[in-house]
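Participant: As input, take input.txt (compact mmCIF, C-alpha atoms):
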# COMPACT_ATOMS: atom_id res chain seq x y z
CA MET A 1 93.16 107.65 86.13
CA GLN A 2 91.81 108.62 82.77
CA ASP A 3 93.48 105.77 80.98
CA SER A 4 92.78 103.06 83.54
CA PHE A 5 89.13 103.96 83.48
CA SER A 6 88.68 104.03 79.72
CA PRO A 7 85.90 101.70 78.57
CA ASP A 8 86.94 98.08 78.37
CA ASP A 9 87.54 97.05 74.86
CA ILE A 10 88.46 93.80 73.15
CA SER A 11 90.95 95.76 71.06
CA ALA A 12 93.07 96.58 74.14
CA PRO A 13 96.69 95.90 73.17
CA VAL A 14 97.14 93.36 76.00
CA ASP A 15 94.20 91.36 74.63
CA VAL A 16 95.53 91.58 71.11
CA ALA A 17 98.92 90.37 72.38
CA GLU A 18 97.32 87.30 73.94
CA ARG A 19 95.41 86.49 70.75
CA TRP A 20 98.56 86.85 68.66
CA ILE A 21 100.46 84.54 71.03
CA GLU A 22 97.62 81.98 70.83
CA ALA A 23 97.89 82.19 67.06
CA GLY A 24 101.57 81.22 67.30
CA ARG A 25 103.03 84.63 66.48
CA THR A 26 106.16 86.01 68.21
CA VAL A 27 105.20 89.18 70.07
CA ALA A 28 106.88 92.10 71.84
CA ILE A 29 105.07 94.63 74.00
CA ALA A 30 106.18 98.25 74.46
CA THR A 31 104.93 100.22 77.46
CA VAL A 32 105.19 103.92 78.30
CA ILE A 33 106.66 103.77 81.81
CA GLU A 34 107.55 107.42 82.43
CA THR A 35 106.69 110.78 80.92
CA TRP A 36 108.16 114.21 81.53
CA GLY A 37 106.54 117.43 80.41
CA SER A 38 103.87 117.14 77.79
CA ALA A 39 103.65 113.57 76.55
CA PRO A 40 101.12 112.46 73.93
CA ARG A 41 100.15 109.15 75.60
CA PRO A 42 99.92 108.49 79.35
CA VAL A 43 102.02 106.11 81.42
CA GLY A 44 100.79 102.54 80.93
CA SER A 45 99.99 102.93 77.21
CA HIS A 46 100.96 99.91 75.12
CA LEU A 47 102.08 99.11 71.61
CA VAL A 48 102.25 95.43 70.64
CA ILE A 49 104.39 94.30 67.75
CA ASP A 50 104.71 90.89 66.09
CA GLY A 51 107.70 89.34 64.34
CA GLU A 52 106.39 90.44 60.96
CA GLY A 53 106.23 94.09 62.02
CA ASN A 54 102.43 94.20 62.47
CA PHE A 55 101.52 96.46 65.36
CA HIS A 56 98.54 97.57 67.44
CA GLY A 57 98.13 100.38 69.99
CA SER A 58 100.36 103.40 70.53
CA VAL A 59 103.01 104.89 72.79
CA SER A 60 102.96 108.38 71.25
CA GLY A 61 101.00 110.34 68.72
CA GLY A 62 102.77 108.43 65.99
CA CYS A 63 106.13 110.23 66.31
CA VAL A 64 108.21 107.41 67.79
CA GLU A 65 106.30 104.24 66.86
CA GLY A 66 108.63 103.61 63.90
CA SER A 67 111.72 103.49 66.14
CA VAL A 68 109.95 101.38 68.75
CA ILE A 69 108.91 98.83 66.11
CA THR A 70 112.49 98.63 64.81
CA GLU A 71 113.84 98.08 68.34
CA ALA A 72 111.07 95.53 68.98
CA MET A 73 112.42 93.41 66.11
CA ASP A 74 115.76 93.15 67.97
CA VAL A 75 113.95 92.41 71.24
CA ILE A 76 112.02 89.60 69.56
CA ALA A 77 115.26 88.25 68.06
CA ASP A 78 117.41 88.18 71.22
CA GLY A 79 114.76 88.20 73.99
CA LYS A 80 116.52 91.02 75.88
CA PRO A 81 114.27 93.85 77.10
CA ARG A 82 115.22 97.41 76.10
CA LEU A 83 114.55 100.71 77.80
CA LEU A 84 114.17 103.49 75.21
CA GLU A 85 114.01 107.21 75.78
CA PHE A 86 112.62 109.72 73.34
CA GLY A 87 112.61 113.49 73.47
CA VAL A 88 109.38 115.09 72.35
CA ALA A 89 110.02 118.60 71.08
CA ASP A 90 106.98 120.43 72.32
CA GLU A 91 106.09 124.00 73.16
CA THR A 92 104.28 123.07 76.38
CA ALA A 93 107.33 121.23 77.67
CA TRP A 94 109.36 124.42 77.20
CA ARG A 95 106.75 126.48 78.98
CA VAL A 96 106.91 124.39 82.14
CA GLY A 97 110.68 124.85 82.18
CA LEU A 98 111.99 121.49 81.06
CA SER A 99 115.07 122.60 79.17
CA CYS A 100 115.37 119.10 77.75
CA GLY A 101 111.83 119.23 76.30
CA GLY A 102 109.13 116.59 76.87
CA ARG A 103 110.41 113.05 77.12
CA ILE A 104 108.96 109.58 77.29
CA SER A 105 110.54 106.38 78.48
CA VAL A 106 109.39 103.17 76.77
CA TYR A 107 110.08 99.64 77.98
CA VAL A 108 110.10 96.97 75.27
CA GLU A 109 110.05 93.28 76.15
CA ARG A 110 109.35 90.00 74.41
CA ILE A 111 106.34 87.98 75.52
CA GLY A 112 107.19 84.38 76.35
CA MET B 1 107.03 89.04 80.07
CA ASP B 2 105.85 85.51 80.75
CA ILE B 3 102.78 84.38 78.83
CA SER B 4 101.31 83.30 82.18
CA SER B 5 101.58 86.91 83.48
CA LEU B 6 99.84 88.25 80.38
CA LYS B 7 97.06 85.69 80.74
CA ALA B 8 96.62 86.39 84.47
CA LEU B 9 96.46 90.13 83.76
CA ASN B 10 93.83 89.73 81.05
CA ALA B 11 91.76 87.26 83.11
CA ALA B 12 91.63 89.82 85.96
CA ARG B 13 90.73 92.66 83.60
CA HIS B 14 87.88 90.69 82.08
CA ALA B 15 86.57 89.66 85.52
CA ARG B 16 86.63 93.34 86.64
CA ARG B 17 89.27 92.67 89.30
CA ALA B 18 91.85 95.38 90.08
CA VAL B 19 95.42 94.14 89.51
CA ILE B 20 98.94 95.48 89.25
CA LEU B 21 101.57 94.15 86.88
CA LEU B 22 104.80 94.77 88.80
CA THR B 23 107.91 94.64 86.60
CA ASP B 24 111.46 94.64 87.88
CA LEU B 25 113.00 96.69 85.06
CA THR B 26 116.55 95.78 86.08
CA VAL B 27 116.16 92.05 85.48
CA GLY B 28 113.04 92.09 83.31
CA GLN B 29 110.83 89.96 85.56
CA GLU B 30 107.23 90.64 86.40
CA ARG B 31 104.38 89.35 88.49
CA VAL B 32 100.67 90.06 88.88
CA ILE B 33 99.52 91.43 92.25
CA ALA B 34 95.96 91.62 93.61
CA PRO B 35 94.95 94.01 96.41
CA GLY B 36 96.12 92.53 99.72
CA ASP B 37 98.82 90.28 98.21
CA PRO B 38 102.16 90.35 100.05
CA VAL B 39 104.65 92.83 98.56
CA GLU B 40 108.28 93.77 99.45
CA GLU B 41 108.35 96.38 102.20
CA GLY B 42 109.95 99.02 100.00
CA LEU B 43 107.21 98.72 97.38
CA ALA B 44 104.13 98.28 99.56
CA ALA B 45 103.30 102.00 99.85
CA ALA B 46 103.61 102.55 96.09
CA VAL B 47 101.44 99.49 95.37
CA ASP B 48 98.72 100.63 97.80
CA GLU B 49 98.74 104.12 96.36
CA ALA B 50 98.45 102.79 92.80
CA PHE B 51 95.43 100.66 93.71
CA ARG B 52 93.73 103.72 95.22
CA SER B 53 94.66 106.34 92.62
CA GLY B 54 94.71 104.21 89.47
CA LYS B 55 98.02 105.87 88.51
CA SER B 56 100.87 103.75 87.17
CA ARG B 57 104.46 104.81 87.82
CA VAL B 58 108.12 103.83 88.18
CA VAL B 59 109.46 103.40 91.72
CA GLU B 60 112.99 102.75 92.92
CA MET B 61 114.00 100.36 95.66
CA ASP B 62 117.62 99.65 96.63
CA GLY B 63 118.83 101.18 93.37
CA ARG B 64 116.52 98.94 91.31
CA LYS B 65 113.72 100.31 89.19
CA PHE B 66 110.25 98.80 89.21
CA PHE B 67 107.25 99.67 87.03
CA VAL B 68 103.97 99.57 88.93
CA ASN B 69 101.34 99.21 86.19
CA VAL B 70 97.87 99.33 87.71
CA HIS B 71 94.75 98.15 85.88
CA LEU B 72 91.43 99.23 87.42
CA PRO B 73 88.13 98.10 85.91
CA PRO B 74 86.31 100.64 83.72
CA PRO B 75 83.32 102.33 85.39
CA ARG B 76 79.97 100.67 84.95
CA LEU B 77 76.53 102.14 85.53
CA ILE B 78 73.63 99.94 86.61
CA VAL B 79 70.25 101.64 86.32
CA ILE B 80 67.24 100.15 88.10
CA GLY B 81 64.17 101.14 86.12
CA ALA B 82 63.52 101.30 82.38
CA VAL B 83 61.89 104.69 82.82
CA HIS B 84 61.87 107.94 80.86
CA VAL B 85 64.97 109.30 82.65
CA SER B 86 66.83 106.07 81.77
CA GLN B 87 66.00 106.56 78.09
CA ALA B 88 67.77 109.92 78.19
CA LEU B 89 70.60 108.60 80.35
CA ALA B 90 71.50 105.71 78.03
CA PRO B 91 72.99 107.74 75.14
CA MET B 92 74.60 110.24 77.54
CA ALA B 93 76.35 107.50 79.53
CA LYS B 94 77.67 106.07 76.28
CA ILE B 95 79.15 109.41 75.24
CA VAL B 96 80.85 109.80 78.63
CA GLY B 97 82.31 106.27 78.31
CA TYR B 98 80.39 104.39 80.99
CA ASP B 99 79.11 100.88 80.31
CA MET B 100 75.43 101.19 81.23
CA GLU B 101 72.94 98.39 81.85
CA ILE B 102 69.28 98.55 82.81
CA ILE B 103 67.36 96.22 85.09
CA ASP B 104 63.55 96.36 85.33
CA PRO B 105 61.28 93.35 85.88
CA ARG B 106 58.31 95.22 84.36
CA THR B 107 58.31 93.89 80.81
CA ALA B 108 56.08 96.73 79.60
CA PHE B 109 58.91 99.15 80.44
CA ALA B 110 61.95 97.06 79.61
CA THR B 111 61.48 96.72 75.85
CA GLU B 112 64.11 96.79 73.16
CA GLU B 113 62.07 99.32 71.28
CA ARG B 114 62.39 101.81 74.12
CA PHE B 115 66.05 100.90 74.74
CA PRO B 116 67.90 100.00 71.55
CA ASP B 117 71.67 99.35 71.80
CA ILE B 118 71.87 98.87 75.56
CA PRO B 119 72.03 95.74 77.72
CA LEU B 120 68.55 95.35 79.16
CA HIS B 121 67.50 92.82 81.81
CA ALA B 122 63.71 92.38 82.07
CA GLU B 123 64.12 90.49 85.35
CA TRP B 124 64.16 91.16 89.08
CA PRO B 125 67.36 92.79 90.38
CA GLU B 126 67.70 89.85 92.83
CA ASP B 127 68.12 87.49 89.88
CA VAL B 128 70.36 89.67 87.71
CA LEU B 129 72.76 90.71 90.48
CA LYS B 130 73.33 87.08 91.43
CA THR B 131 75.17 86.48 88.18
CA ARG B 132 76.46 90.04 87.67
CA PRO B 133 77.60 91.20 91.12
CA LEU B 134 78.12 94.89 91.91
CA ASP B 135 81.60 96.18 92.82
CA ALA B 136 83.49 99.32 93.86
CA PHE B 137 83.87 100.36 90.21
CA THR B 138 80.13 100.36 89.61
CA ALA B 139 77.59 103.17 90.05
CA LEU B 140 73.99 102.28 90.83
CA ALA B 141 71.03 104.58 90.21
CA ALA B 142 67.61 103.37 91.40
CA LEU B 143 64.96 105.17 89.38
CA THR B 144 61.68 103.30 89.79
CA HIS B 145 60.78 104.67 93.27
CA ASP B 146 59.02 101.36 93.82
CA PRO B 147 60.40 99.81 97.03
CA LYS B 148 59.73 96.29 95.70
CA ILE B 149 62.18 96.94 92.86
CA ASP B 150 64.61 99.56 94.26
CA ASP B 151 65.30 98.50 97.85
CA TYR B 152 67.17 95.26 97.21
CA PRO B 153 69.69 96.69 94.69
CA LEU B 154 70.21 99.79 96.86
CA LYS B 155 71.17 97.60 99.80
CA GLU B 156 73.42 95.44 97.61
CA ALA B 157 75.13 98.56 96.20
CA LEU B 158 75.92 99.87 99.67
CA LEU B 159 77.27 96.48 100.79
CA ALA B 160 79.38 96.18 97.62
CA ASP B 161 80.82 99.68 98.20
CA CYS B 162 79.68 100.98 94.81
CA PHE B 163 81.42 104.32 94.16
CA TYR B 164 78.01 105.94 93.62
CA VAL B 165 74.57 105.02 94.91
CA GLY B 166 71.62 107.26 94.02
CA ALA B 167 67.86 106.92 94.44
CA LEU B 168 65.06 108.85 92.79
CA GLY B 169 62.21 110.09 94.96
CA SER B 170 61.06 113.03 97.03
CA ARG B 171 62.44 113.75 100.48
CA ARG B 172 59.37 112.06 101.98
CA THR B 173 59.80 108.98 99.79
CA HIS B 174 63.44 108.85 100.81
CA ALA B 175 62.67 109.22 104.55
CA ALA B 176 60.44 106.15 104.32
CA ARG B 177 63.16 104.35 102.36
CA VAL B 178 65.75 105.17 105.05
CA GLU B 179 63.50 103.59 107.69
CA ARG B 180 63.07 100.42 105.61
CA LEU B 181 66.81 100.10 104.99
CA LYS B 182 67.55 100.63 108.69
CA ALA B 183 65.07 97.88 109.53
CA SER B 184 66.92 95.64 107.06
CA GLY B 185 70.10 95.99 109.11
CA LEU B 186 72.06 98.79 107.40
CA SER B 187 73.77 101.45 109.53
CA GLU B 188 72.98 105.17 109.30
CA GLU B 189 76.46 105.75 107.91
CA GLN B 190 75.89 103.21 105.13
CA ILE B 191 72.48 104.64 104.28
CA GLY B 192 73.96 108.16 104.34
CA ARG B 193 75.97 107.28 101.24
CA ILE B 194 72.81 107.27 99.11
CA HIS B 195 72.45 110.39 96.98
CA ALA B 196 68.82 111.41 97.47
CA PRO B 197 67.08 113.33 96.12
CA ILE B 198 69.10 112.08 93.15
CA GLY B 199 71.22 114.31 90.92
CA LEU B 200 73.13 117.58 91.16
CA ASP B 201 70.99 120.53 92.24
CA ILE B 202 70.69 122.26 88.87
CA GLY B 203 66.92 122.71 88.92
CA ALA B 204 66.47 119.85 86.44
CA ALA B 205 62.86 119.53 85.28
CA SER B 206 62.58 117.32 82.18
CA PRO B 207 63.66 113.65 82.11
CA ALA B 208 66.68 114.59 79.99
CA GLU B 209 67.70 117.33 82.41
CA ILE B 210 67.37 114.94 85.34
CA ALA B 211 69.58 112.50 83.41
CA VAL B 212 72.23 115.24 83.07
CA ALA B 213 72.01 115.96 86.82
CA VAL B 214 72.37 112.25 87.67
CA LEU B 215 75.28 111.71 85.29
CA GLY B 216 77.04 114.84 86.60
CA GLU B 217 76.68 113.53 90.12
CA ILE B 218 78.09 110.13 89.12
CA ILE B 219 81.10 111.73 87.40
CA SER B 220 81.71 113.88 90.47
CA ALA B 221 81.56 110.83 92.76
CA LEU B 222 84.17 109.03 90.67
CA ARG B 223 86.58 111.86 89.98
CA LYS B 224 86.45 113.63 93.32
CA ARG B 225 86.95 110.40 95.21
CA ASN B 226 90.15 109.89 93.30
CA LEU B 227 91.34 113.46 93.80
CA LYS B 228 90.79 113.00 97.51
CA THR B 229 92.75 109.76 97.74
CA GLU B 230 95.54 111.20 95.60
CA ALA B 231 95.76 114.30 97.80
CA GLU B 232 95.96 112.08 100.87
CA ALA B 233 98.63 109.93 99.24
CA GLY B 234 100.59 113.09 98.38
CA LYS B 235 100.53 114.21 102.01
CA ALA B 236 101.62 110.84 103.35
Any chance you could put this one into structure tokens?
Facilitator:
Amino acid sequence: MQDSFSPDDISAPVDVAERWIEAGRTVAIATVIETWGSAPRPVGSHLVIDGEGNFHGSVSGGCVEGSVITEAMDVIADGKPRLLEFGVADETAWRVGLSCGGRISVYVERIG
Amino acid sequence: MDISSLKALNAARHARRAVILLTDLTVGQERVIAPGDPVEEGLAAAVDEAFRSGKSRVVEMDGRKFFVNVHLPPPRLIVIGAVHVSQALAPMAKIVGYDMEIIDPRTAFATEERFPDIPLHAEWPEDVLKTRPLDAFTALAALTHDPKIDDYPLKEALLADCFYVGALGSRRTHAARVERLKASGLSEEQIGRIHAPIGLDIGAASPAEIAVAVLGEIISALRKRNLKTEAEAGKA
């Protein structure tokens, strides 16, 4: 709810992605599709990445963006979507009894 | 993701239409769904729930995983009346993250000097709402207590199913308003959705305090409605 109702904003990653595409750049979009335990960004959060490694948005508090950008380069190259999972070592996740810690699942796909 | 899907998603977002981007994660194909569009039987319940709750999630059907990514428009607040309470409400609404706009045909009230940094329409609500229609993601607060200005947008807000409709005025003023709205063809149930006297009962006295009471009531209308639909969805 919180995220869907955030104020509309021309810097929304999906808008940035469209502008980059219009400008002729190759673009991948990463989306948080599932979270377990305490995750820094809610489901639906986006990170867009272009072929040069420029990026906009976020899928975590900065902890996994590096890996996502690296994977996005491969996605842009071969066009095959990837499903990535990251563990988020976090005290809250332990408290609620997730022995595996907090986790997020990120779907990365090429646009076009 | 197809470029056409991205464009359709963004067009809907900018037009304040609720949409879902439904992605089949197994084959990497997606499509954009509007409320009421036909959906596979196994996904229909999840799609309906997402439109109501605003929550995106992964669902499984026949061993395949789908991501239901729902985009609901951000809340908007339309205030009728460029009055003292509105002056206090404008910065508060901004802090809370609501896009607020003011409509007041009285040009002595609706001045940029009194309302810097906020969209201000010094026109009749009839004219403004024609080009900027109300919707279910909009709250409307009528603050002029002048029937000539307030009545039309109140009726429009009820017909558009705005998530909050509030009207300033004493109980007696409101009783007269109820009679006028009934005469205009609205049902008692529709009229009963108007919050009047406006604002949470916190004993607000100054214009700024009334603005707090009104904003609190708007937040409650938005958040509690969602809690209710989510609780119902959980039971189903």
Participant: Could you tell me which of A:Pro81, A:Val59, A:Ser67, A:His46 comes closest to Asp15 of chain A if we count only C-alpha atoms?
Facilitator: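 Of the candidates, the smallest distance to Asp15 of chain A is held by A:His46.
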Participant: When you count all atoms listed in the file, which of these residues is closest to Arg82 of chain A: B:Leu9, B:Ile198, B:Val19, B:Leu25?
Facilitator: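 Among the listed residues, B:Leu25 lies closest to Arg82 of chain A.
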Participant: Given a cut-off of 8 Å, which residues of chain B touch chain A, counting all atoms listed in the file, written out as a PyMOL selection string?
Facilitator: chain B and resi 1-3+6-7+10+28+53-58+67+69-75+97-99
Participant: Could you work out how far atom CA of Gly42 of chain B lies from atom CA of Met61 of chain B, giving the answer in Å with one decimal?
Facilitator: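 Going from atom CA of Met61 of chain B over to atom CA of Gly42 of chain B, I get 6.1 Å.
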Participant: Compile the contact shell of Arg114 of chain B as a PyMOL selection string: residues with an atom at most 10 Å away, counting all atoms listed in the file, same-chain residues fewer than 4 positions apart removed.
Facilitator: chain B and resi 82-84+86-87+108-110
Participant: Any idea what the distance is between atom CA of Pro119 of chain B and atom CA of Arg19 of chain A?
Facilitator: 26.1 Å
